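Quick look at input.pdb (PDB, C-alpha atoms, pLDDT in the B column):
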MODEL        1
ATOM      1  CA  MET A 197       6.162  20.205  10.562  1.00 50.00           C
ATOM      2  CA  SER A 198       7.223  16.738  11.692  1.00 53.00           C
ATOM      3  CA  GLU A 199      10.906  15.971  11.988  1.00 57.00           C
ATOM      4  CA  ILE A 200      12.657  12.970  10.507  1.00 57.00           C
ATOM      5  CA  PRO A 201      13.624  10.496  13.257  1.00 55.00           C
ATOM      6  CA  SER A 202      17.344  10.204  13.937  1.00 56.00           C
ATOM      7  CA  LEU A 203      19.187   7.624  11.896  1.00 53.00           C
ATOM      8  CA  ASP A 204      21.020   4.576  13.185  1.00 55.00           C
ATOM      9  CA  SER A 205      24.638   5.583  12.512  1.00 62.00           C
ATOM     10  CA  SER A 206      25.707   1.917  12.337  1.00 71.00           C
ATOM     11  CA  LYS A 207      23.800   1.528   9.058  1.00 80.00           C
ATOM     12  CA  PRO A 208      24.812   3.019   5.719  1.00 89.00           C
ATOM     13  CA  TYR A 209      23.390   6.427   4.816  1.00 93.00           C
ATOM     14  CA  TYR A 210      21.944   6.906   1.337  1.00 95.00           C
ATOM     15  CA  GLN A 211      21.875  10.288  -0.376  1.00 94.00           C
ATOM     16  CA  CYS A 212      18.779  10.753  -2.506  1.00 91.00           C
ATOM     17  CA  VAL A 213      19.496  11.718  -6.120  1.00 93.00           C
ATOM     18  CA  ARG A 214      15.820  12.509  -6.801  1.00 91.00           C
ATOM     19  CA  CYS A 215      15.427   9.757  -9.389  1.00 92.00           C
ATOM     20  CA  GLY A 216      11.685   9.595  -8.654  1.00 92.00           C
ATOM     21  CA  ASN A 217      11.601   5.798  -8.605  1.00 91.00           C
ATOM     22  CA  CYS A 218      10.171   5.632  -5.074  1.00 91.00           C
ATOM     23  CA  CYS A 219       7.357   7.909  -6.276  1.00 93.00           C
ATOM     24  CA  ARG A 220       6.344   5.247  -8.769  1.00 91.00           C
ATOM     25  CA  TRP A 221       6.189   2.445  -6.194  1.00 85.00           C
ATOM     26  CA  PRO A 222       2.548   1.604  -5.386  1.00 83.00           C
ATOM     27  CA  GLY A 223       1.344   1.773  -1.820  1.00 87.00           C
ATOM     28  CA  ASP A 224       0.481   4.192   0.925  1.00 93.00           C
ATOM     29  CA  VAL A 225       2.086   7.582   1.321  1.00 95.00           C
ATOM     30  CA  ASN A 226       0.640   8.387   4.706  1.00 96.00           C
ATOM     31  CA  VAL A 227      -0.032  11.987   5.674  1.00 97.00           C
ATOM     32  CA  THR A 228      -0.587  13.324   9.163  1.00 97.00           C
ATOM     33  CA  PRO A 229      -3.200  15.980   9.912  1.00 97.00           C
ATOM     34  CA  GLU A 230      -0.341  18.511  10.201  1.00 98.00           C
ATOM     35  CA  GLU A 231       0.992  17.475   6.784  1.00 98.00           C
ATOM     36  CA  VAL A 232      -2.488  17.756   5.273  1.00 98.00           C
ATOM     37  CA  SER A 233      -2.679  21.357   6.522  1.00 98.00           C
ATOM     38  CA  THR A 234       0.795  22.205   5.290  1.00 98.00           C
ATOM     39  CA  ILE A 235       0.372  20.640   1.845  1.00 98.00           C
ATOM     40  CA  ALA A 236      -3.100  22.124   1.335  1.00 98.00           C
ATOM     41  CA  ALA A 237      -1.812  25.604   2.234  1.00 98.00           C
ATOM     42  CA  PHE A 238       1.195  25.149  -0.070  1.00 98.00           C
ATOM     43  CA  LEU A 239      -1.146  24.216  -2.934  1.00 98.00           C
ATOM     44  CA  GLY A 240      -3.526  27.066  -2.091  1.00 98.00           C
ATOM     45  CA  ARG A 241      -6.383  24.680  -1.392  1.00 97.00           C
ATOM     46  CA  ASP A 242      -8.898  24.366   1.382  1.00 97.00           C
ATOM     47  CA  GLU A 243      -8.067  21.378   3.631  1.00 97.00           C
ATOM     48  CA  ALA A 244     -11.428  19.701   3.052  1.00 98.00           C
ATOM     49  CA  GLU A 245     -11.050  20.013  -0.728  1.00 98.00           C
ATOM     50  CA  PHE A 246      -7.469  18.707  -0.542  1.00 98.00           C
ATOM     51  CA  ILE A 247      -8.595  15.717   1.526  1.00 98.00           C
ATOM     52  CA  SER A 248     -11.452  14.863  -0.834  1.00 98.00           C
ATOM     53  CA  SER A 249      -9.469  15.239  -4.057  1.00 97.00           C
ATOM     54  CA  CYS A 250      -5.931  14.184  -3.083  1.00 98.00           C
ATOM     55  CA  THR A 251      -6.213  11.584  -0.316  1.00 98.00           C
ATOM     56  CA  ARG A 252      -7.847   8.267   0.488  1.00 97.00           C
ATOM     57  CA  LEU A 253      -8.134   6.034   3.529  1.00 97.00           C
ATOM     58  CA  ASN A 254      -4.861   4.131   3.876  1.00 95.00           C
ATOM     59  CA  ALA A 255      -4.718   0.349   3.576  1.00 93.00           C
ATOM     60  CA  ASN A 256      -4.765  -0.334   7.310  1.00 93.00           C
ATOM     61  CA  ARG A 257      -7.625   2.163   7.804  1.00 95.00           C
ATOM     62  CA  THR A 258      -5.732   4.239  10.359  1.00 95.00           C
ATOM     63  CA  GLY A 259      -5.379   7.516   8.488  1.00 96.00           C
ATOM     64  CA  LEU A 260      -5.044   9.207   5.146  1.00 98.00           C
ATOM     65  CA  SER A 261      -2.739   8.464   2.245  1.00 97.00           C
ATOM     66  CA  ILE A 262      -2.038  10.471  -0.906  1.00 98.00           C
ATOM     67  CA  ILE A 263      -3.896   8.927  -3.818  1.00 96.00           C
ATOM     68  CA  ASP A 264      -2.059   7.311  -6.706  1.00 94.00           C
ATOM     69  CA  LYS A 265      -2.452   8.148 -10.360  1.00 95.00           C
ATOM     70  CA  PRO A 266      -4.042   5.333 -12.392  1.00 93.00           C
ATOM     71  CA  ASN A 267      -0.531   4.078 -13.307  1.00 92.00           C
ATOM     72  CA  GLY A 268       0.467   3.782  -9.615  1.00 91.00           C
ATOM     73  CA  GLU A 269       2.607   6.911  -9.431  1.00 94.00           C
ATOM     74  CA  CYS A 270       2.191   9.447  -6.663  1.00 96.00           C
ATOM     75  CA  LEU A 271      -0.377  12.090  -7.517  1.00 97.00           C
ATOM     76  CA  PHE A 272       2.296  14.760  -7.071  1.00 97.00           C
ATOM     77  CA  LEU A 273       4.946  13.234  -9.329  1.00 97.00           C
ATOM     78  CA  GLU A 274       5.357  15.361 -12.429  1.00 95.00           C
ATOM     79  CA  GLY A 275       7.415  14.145 -15.349  1.00 91.00           C
ATOM     80  CA  VAL A 276      10.243  11.753 -14.565  1.00 88.00           C
ATOM     81  CA  ASN A 277      11.329  13.018 -11.163  1.00 91.00           C
ATOM     82  CA  THR A 278       9.727  16.318 -10.163  1.00 94.00           C
ATOM     83  CA  CYS A 279       7.762  16.417  -6.922  1.00 96.00           C
ATOM     84  CA  GLN A 280       5.137  19.152  -7.020  1.00 97.00           C
ATOM     85  CA  ILE A 281       5.234  19.363  -3.211  1.00 97.00           C
ATOM     86  CA  GLN A 282       8.983  18.837  -2.677  1.00 95.00           C
ATOM     87  CA  SER A 283       9.385  21.606  -0.083  1.00 97.00           C
ATOM     88  CA  VAL A 284       6.468  20.280   2.009  1.00 98.00           C
ATOM     89  CA  LYS A 285       6.527  16.572   1.157  1.00 97.00           C
ATOM     90  CA  PRO A 286       5.392  14.127   3.865  1.00 97.00           C
ATOM     91  CA  ILE A 287       7.924  12.836   6.386  1.00 95.00           C
ATOM     92  CA  GLN A 288       7.455   9.378   4.891  1.00 94.00           C
ATOM     93  CA  CYS A 289       8.894  10.685   1.613  1.00 94.00           C
ATOM     94  CA  ALA A 290      11.626  12.719   3.287  1.00 94.00           C
ATOM     95  CA  GLY A 291      12.794   9.690   5.282  1.00 93.00           C
ATOM     96  CA  PHE A 292      13.163   7.304   2.362  1.00 93.00           C
ATOM     97  CA  PRO A 293      15.316   5.159   2.135  1.00 93.00           C
ATOM     98  CA  ASN A 294      17.146   5.858   5.402  1.00 93.00           C
ATOM     99  CA  VAL A 295      14.335   5.951   7.938  1.00 92.00           C
ATOM    100  CA  TRP A 296      12.138   3.416   6.169  1.00 88.00           C
ATOM    101  CA  ASN A 297      12.110   1.478   2.907  1.00 89.00           C
ATOM    102  CA  PHE A 298      10.305  -1.415   1.270  1.00 85.00           C
ATOM    103  CA  PRO A 299      11.389  -4.891   0.173  1.00 87.00           C
ATOM    104  CA  GLY A 300      13.244  -4.593  -3.116  1.00 88.00           C
ATOM    105  CA  TRP A 301      13.883  -0.870  -2.773  1.00 91.00           C
ATOM    106  CA  ARG A 302      17.572  -1.196  -3.659  1.00 91.00           C
ATOM    107  CA  GLU A 303      16.704  -2.570  -7.115  1.00 92.00           C
ATOM    108  CA  LYS A 304      14.605   0.544  -7.830  1.00 89.00           C
ATOM    109  CA  CYS A 305      16.233   3.378  -5.892  1.00 93.00           C
ATOM    110  CA  GLU A 306      19.278   5.172  -7.299  1.00 94.00           C
ATOM    111  CA  ALA A 307      20.300   6.728  -3.960  1.00 95.00           C
ATOM    112  CA  VAL A 308      24.046   6.742  -3.405  1.00 95.00           C
ATOM    113  CA  GLU A 309      25.600   5.238  -0.286  1.00 93.00           C
ATOM    114  CA  VAL A 310      27.779   7.873   1.376  1.00 92.00           C
ATOM    115  CA  ALA A 311      30.422   7.569   4.070  1.00 73.00           C
ATOM    116  CA  ALA A 312      29.385   8.455   7.596  1.00 65.00           C
ATOM    117  CA  SER A 313      30.665  11.805   8.778  1.00 58.00           C
TER     118      SER A 313
ENDMDL
END
Re-express the file's structure as structure tokens.
Amino acid sequence: MSEIPSLDSSKPYYQCVRCGNCCRWPGDVNVTPEEVSTIAAFLGRDEAEFISSCTRLNANRTGLSIIDKPNGECLFLEGVNTCQIQSVKPIQCAGFPNVWNFPGWREKCEAVEVAAS
């Protein structure tokens, strides 16, 4: 599985509280071929079936992205804040908001800034 890139220790670190708000933000949740294999196996699905039913071509046409529900939420968001694939979620999800984030993320995300160790 891919590893999260190291963080810039000069910037604040935010501890995720699993509020689920980032899972309701529309846009691409990119998945690598390795992540496709891992998630499909976790769900007990064939990779081809997973790709056809759970992914789409991402906006910049460079790879696959998890499809959104009609309301814009991630396909794998269940209830208010439960990720159905938490243990195998894509690196993009695992790295939020420290490795990457989007404009306006602080108004949505409930992550708590923690002191550097």
Please write as a PyMOL selection string the list of polymer residues whose atoms come within 12 Å of (24.2, 13.4, -10.7), counting only C-alpha atoms and keeping to the coordinates of the file.
chain A and resi 211-215+306-308
Just write the chosen residues, C-alpha atoms, as a compact mmCIF listing (two decimals), keeping the file's coordinate frame.
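Saved as result39.txt:
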# COMPACT_ATOMS: atom_id res chain seq x y z
CA GLN A 211 21.88 10.29 -0.38
CA CYS A 212 18.78 10.75 -2.51
CA VAL A 213 19.50 11.72 -6.12
CA ARG A 214 15.82 12.51 -6.80
CA CYS A 215 15.43 9.76 -9.39
CA GLU A 306 19.28 5.17 -7.30
CA ALA A 307 20.30 6.73 -3.96
CA VAL A 308 24.05 6.74 -3.40
Could you give me, as an mmCIF file with C-alpha atoms, in the coordinates of the input, the residues within 12 Å of segment 237-247 of chain A, counting only C-alpha atoms and dropping anything in the same chain fewer than 4 positions from it?
data_model
loop_
_atom_site.group_PDB
_atom_site.id
_atom_site.type_symbol
_atom_site.label_atom_id
_atom_site.label_comp_id
_atom_site.auth_asym_id
_atom_site.auth_seq_id
_atom_site.Cartn_x
_atom_site.Cartn_y
_atom_site.Cartn_z
ATOM 1 C CA VAL A 227 -0.032 11.987 5.674
ATOM 2 C CA THR A 228 -0.587 13.324 9.163
ATOM 3 C CA PRO A 229 -3.200 15.980 9.912
ATOM 4 C CA GLU A 230 -0.341 18.511 10.201
ATOM 5 C CA GLU A 231 0.992 17.475 6.784
ATOM 6 C CA VAL A 232 -2.488 17.756 5.273
ATOM 7 C CA SER A 233 -2.679 21.357 6.522
ATOM 8 C CA THR A 251 -6.213 11.584 -0.316
ATOM 9 C CA ARG A 252 -7.847 8.267 0.488
ATOM 10 C CA LEU A 253 -8.134 6.034 3.529
ATOM 11 C CA GLY A 259 -5.379 7.516 8.488
ATOM 12 C CA LEU A 260 -5.044 9.207 5.146
ATOM 13 C CA SER A 261 -2.739 8.464 2.245
ATOM 14 C CA ILE A 262 -2.038 10.471 -0.906
ATOM 15 C CA ILE A 263 -3.896 8.927 -3.818
ATOM 16 C CA LEU A 271 -0.377 12.090 -7.517
ATOM 17 C CA PHE A 272 2.296 14.760 -7.071
ATOM 18 C CA GLN A 280 5.137 19.152 -7.020
ATOM 19 C CA ILE A 281 5.234 19.363 -3.211
ATOM 20 C CA GLN A 282 8.983 18.837 -2.677
ATOM 21 C CA SER A 283 9.385 21.606 -0.083
ATOM 22 C CA VAL A 284 6.468 20.280 2.009
ATOM 23 C CA LYS A 285 6.527 16.572 1.157
#
Selection dump of the PyMOL selection byres ((chain A and resi 267) around 12), as a PyMOL selection string
chain A and resi 219-223+263-266+268-271+273
If the PyMOL selection byres ((chain A and resi 290-297) around 7) were run on this exact file, what residues would it hold? Put them as a PyMOL selection string.
chain A and resi 200+203+209-210+285-289+298-299+301
In Å to one decimal, how far is atom CA of Glu274 of chain A from atom CA of Ser249 of chain A?
17.0 Å
Which value, in Å to one decimal, gives the distance between atom CA of Cys250 of chain A and atom CA of Thr278 of chain A?
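For atom CA of Cys250 of chain A relative to atom CA of Thr278 of chain A, the distance reads 17.3 Å.
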Just to confirm, what's the straight-line distance from atom CA of Asn254 of chain A to atom CA of Ile235 of chain A in Å (one decimal)?
17.4 Å
If we draw a sphere of 6 Å around (12.5, 8.0, -3.7), which residues have at least one atom in it when counting all atoms listed in the file? Please report them as a PyMOL selection string.
chain A and resi 216-219
Could I get segment 245-268 of chain A rebuilt with N, CA and C atoms, written as a PDB file, in the frame of the given file?
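Output file rebuild_22.pdb follows:
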ATOM      1  N   GLU A 245     -11.139  20.291   0.701  1.00 98.00           N
ATOM      2  CA  GLU A 245     -11.050  20.013  -0.728  1.00 98.00           C
ATOM      3  C   GLU A 245      -9.815  19.172  -1.027  1.00 98.00           C
ATOM      4  N   PHE A 246      -8.690  19.492  -0.365  1.00 98.00           N
ATOM      5  CA  PHE A 246      -7.469  18.707  -0.542  1.00 98.00           C
ATOM      6  C   PHE A 246      -7.703  17.258  -0.119  1.00 98.00           C
ATOM      7  N   ILE A 247      -8.326  17.071   1.031  1.00 98.00           N
ATOM      8  CA  ILE A 247      -8.595  15.717   1.526  1.00 98.00           C
ATOM      9  C   ILE A 247      -9.475  14.952   0.551  1.00 98.00           C
ATOM     10  N   SER A 248     -10.530  15.584   0.052  1.00 98.00           N
ATOM     11  CA  SER A 248     -11.452  14.863  -0.834  1.00 98.00           C
ATOM     12  C   SER A 248     -10.866  14.592  -2.214  1.00 98.00           C
ATOM     13  N   SER A 249      -9.970  15.437  -2.697  1.00 97.00           N
ATOM     14  CA  SER A 249      -9.469  15.239  -4.057  1.00 97.00           C
ATOM     15  C   SER A 249      -8.071  14.629  -4.134  1.00 97.00           C
ATOM     16  N   CYS A 250      -7.331  14.628  -3.024  1.00 98.00           N
ATOM     17  CA  CYS A 250      -5.931  14.184  -3.083  1.00 98.00           C
ATOM     18  C   CYS A 250      -5.583  13.055  -2.118  1.00 98.00           C
ATOM     19  N   THR A 251      -6.515  12.634  -1.285  1.00 98.00           N
ATOM     20  CA  THR A 251      -6.213  11.584  -0.316  1.00 98.00           C
ATOM     21  C   THR A 251      -7.286  10.494  -0.342  1.00 98.00           C
ATOM     22  N   ARG A 252      -6.926   9.395   0.314  1.00 97.00           N
ATOM     23  CA  ARG A 252      -7.847   8.267   0.488  1.00 97.00           C
ATOM     24  C   ARG A 252      -7.541   7.653   1.846  1.00 97.00           C
ATOM     25  N   LEU A 253      -8.389   6.780   2.307  1.00 97.00           N
ATOM     26  CA  LEU A 253      -8.134   6.034   3.529  1.00 97.00           C
ATOM     27  C   LEU A 253      -6.987   5.076   3.253  1.00 97.00           C
ATOM     28  N   ASN A 254      -5.998   5.026   4.138  1.00 95.00           N
ATOM     29  CA  ASN A 254      -4.861   4.131   3.876  1.00 95.00           C
ATOM     30  C   ASN A 254      -5.273   2.666   4.064  1.00 95.00           C
ATOM     31  N   ALA A 255      -4.394   1.783   3.622  1.00 93.00           N
ATOM     32  CA  ALA A 255      -4.718   0.349   3.576  1.00 93.00           C
ATOM     33  C   ALA A 255      -5.087  -0.234   4.932  1.00 93.00           C
ATOM     34  N   ASN A 256      -4.430   0.233   6.003  1.00 93.00           N
ATOM     35  CA  ASN A 256      -4.765  -0.334   7.310  1.00 93.00           C
ATOM     36  C   ASN A 256      -5.846   0.478   8.033  1.00 93.00           C
ATOM     37  N   ARG A 257      -6.475   1.403   7.322  1.00 95.00           N
ATOM     38  CA  ARG A 257      -7.625   2.163   7.804  1.00 95.00           C
ATOM     39  C   ARG A 257      -7.335   2.947   9.072  1.00 95.00           C
ATOM     40  N   THR A 258      -6.113   3.480   9.169  1.00 95.00           N
ATOM     41  CA  THR A 258      -5.732   4.239  10.359  1.00 95.00           C
ATOM     42  C   THR A 258      -5.507   5.716  10.073  1.00 95.00           C
ATOM     43  N   GLY A 259      -5.618   6.117   8.830  1.00 96.00           N
ATOM     44  CA  GLY A 259      -5.379   7.516   8.488  1.00 96.00           C
ATOM     45  C   GLY A 259      -5.475   7.721   6.989  1.00 96.00           C
ATOM     46  N   LEU A 260      -4.957   8.847   6.549  1.00 98.00           N
ATOM     47  CA  LEU A 260      -5.044   9.207   5.146  1.00 98.00           C
ATOM     48  C   LEU A 260      -3.735   8.951   4.413  1.00 98.00           C
ATOM     49  N   SER A 261      -3.861   8.685   3.140  1.00 97.00           N
ATOM     50  CA  SER A 261      -2.739   8.464   2.245  1.00 97.00           C
ATOM     51  C   SER A 261      -2.984   9.266   0.978  1.00 97.00           C
ATOM     52  N   ILE A 262      -1.917   9.772   0.366  1.00 98.00           N
ATOM     53  CA  ILE A 262      -2.038  10.471  -0.906  1.00 98.00           C
ATOM     54  C   ILE A 262      -2.472   9.456  -1.966  1.00 98.00           C
ATOM     55  N   ILE A 263      -3.421   9.853  -2.787  1.00 96.00           N
ATOM     56  CA  ILE A 263      -3.896   8.927  -3.818  1.00 96.00           C
ATOM     57  C   ILE A 263      -2.841   8.742  -4.903  1.00 96.00           C
ATOM     58  N   ASP A 264      -2.939   7.610  -5.582  1.00 94.00           N
ATOM     59  CA  ASP A 264      -2.059   7.311  -6.706  1.00 94.00           C
ATOM     60  C   ASP A 264      -2.743   7.736  -7.998  1.00 94.00           C
ATOM     61  N   LYS A 265      -1.925   7.991  -9.003  1.00 95.00           N
ATOM     62  CA  LYS A 265      -2.452   8.148 -10.360  1.00 95.00           C
ATOM     63  C   LYS A 265      -2.865   6.756 -10.825  1.00 95.00           C
ATOM     64  N   PRO A 266      -3.632   6.654 -11.892  1.00 93.00           N
ATOM     65  CA  PRO A 266      -4.042   5.333 -12.392  1.00 93.00           C
ATOM     66  C   PRO A 266      -2.862   4.391 -12.679  1.00 93.00           C
ATOM     67  N   ASN A 267      -1.699   4.921 -13.018  1.00 92.00           N
ATOM     68  CA  ASN A 267      -0.531   4.078 -13.307  1.00 92.00           C
ATOM     69  C   ASN A 267       0.266   3.712 -12.047  1.00 92.00           C
ATOM     70  N   GLY A 268      -0.197   4.121 -10.869  1.00 91.00           N
ATOM     71  CA  GLY A 268       0.467   3.782  -9.615  1.00 91.00           C
ATOM     72  C   GLY A 268       1.411   4.837  -9.089  1.00 91.00           C
TER      73      GLY A 268
END
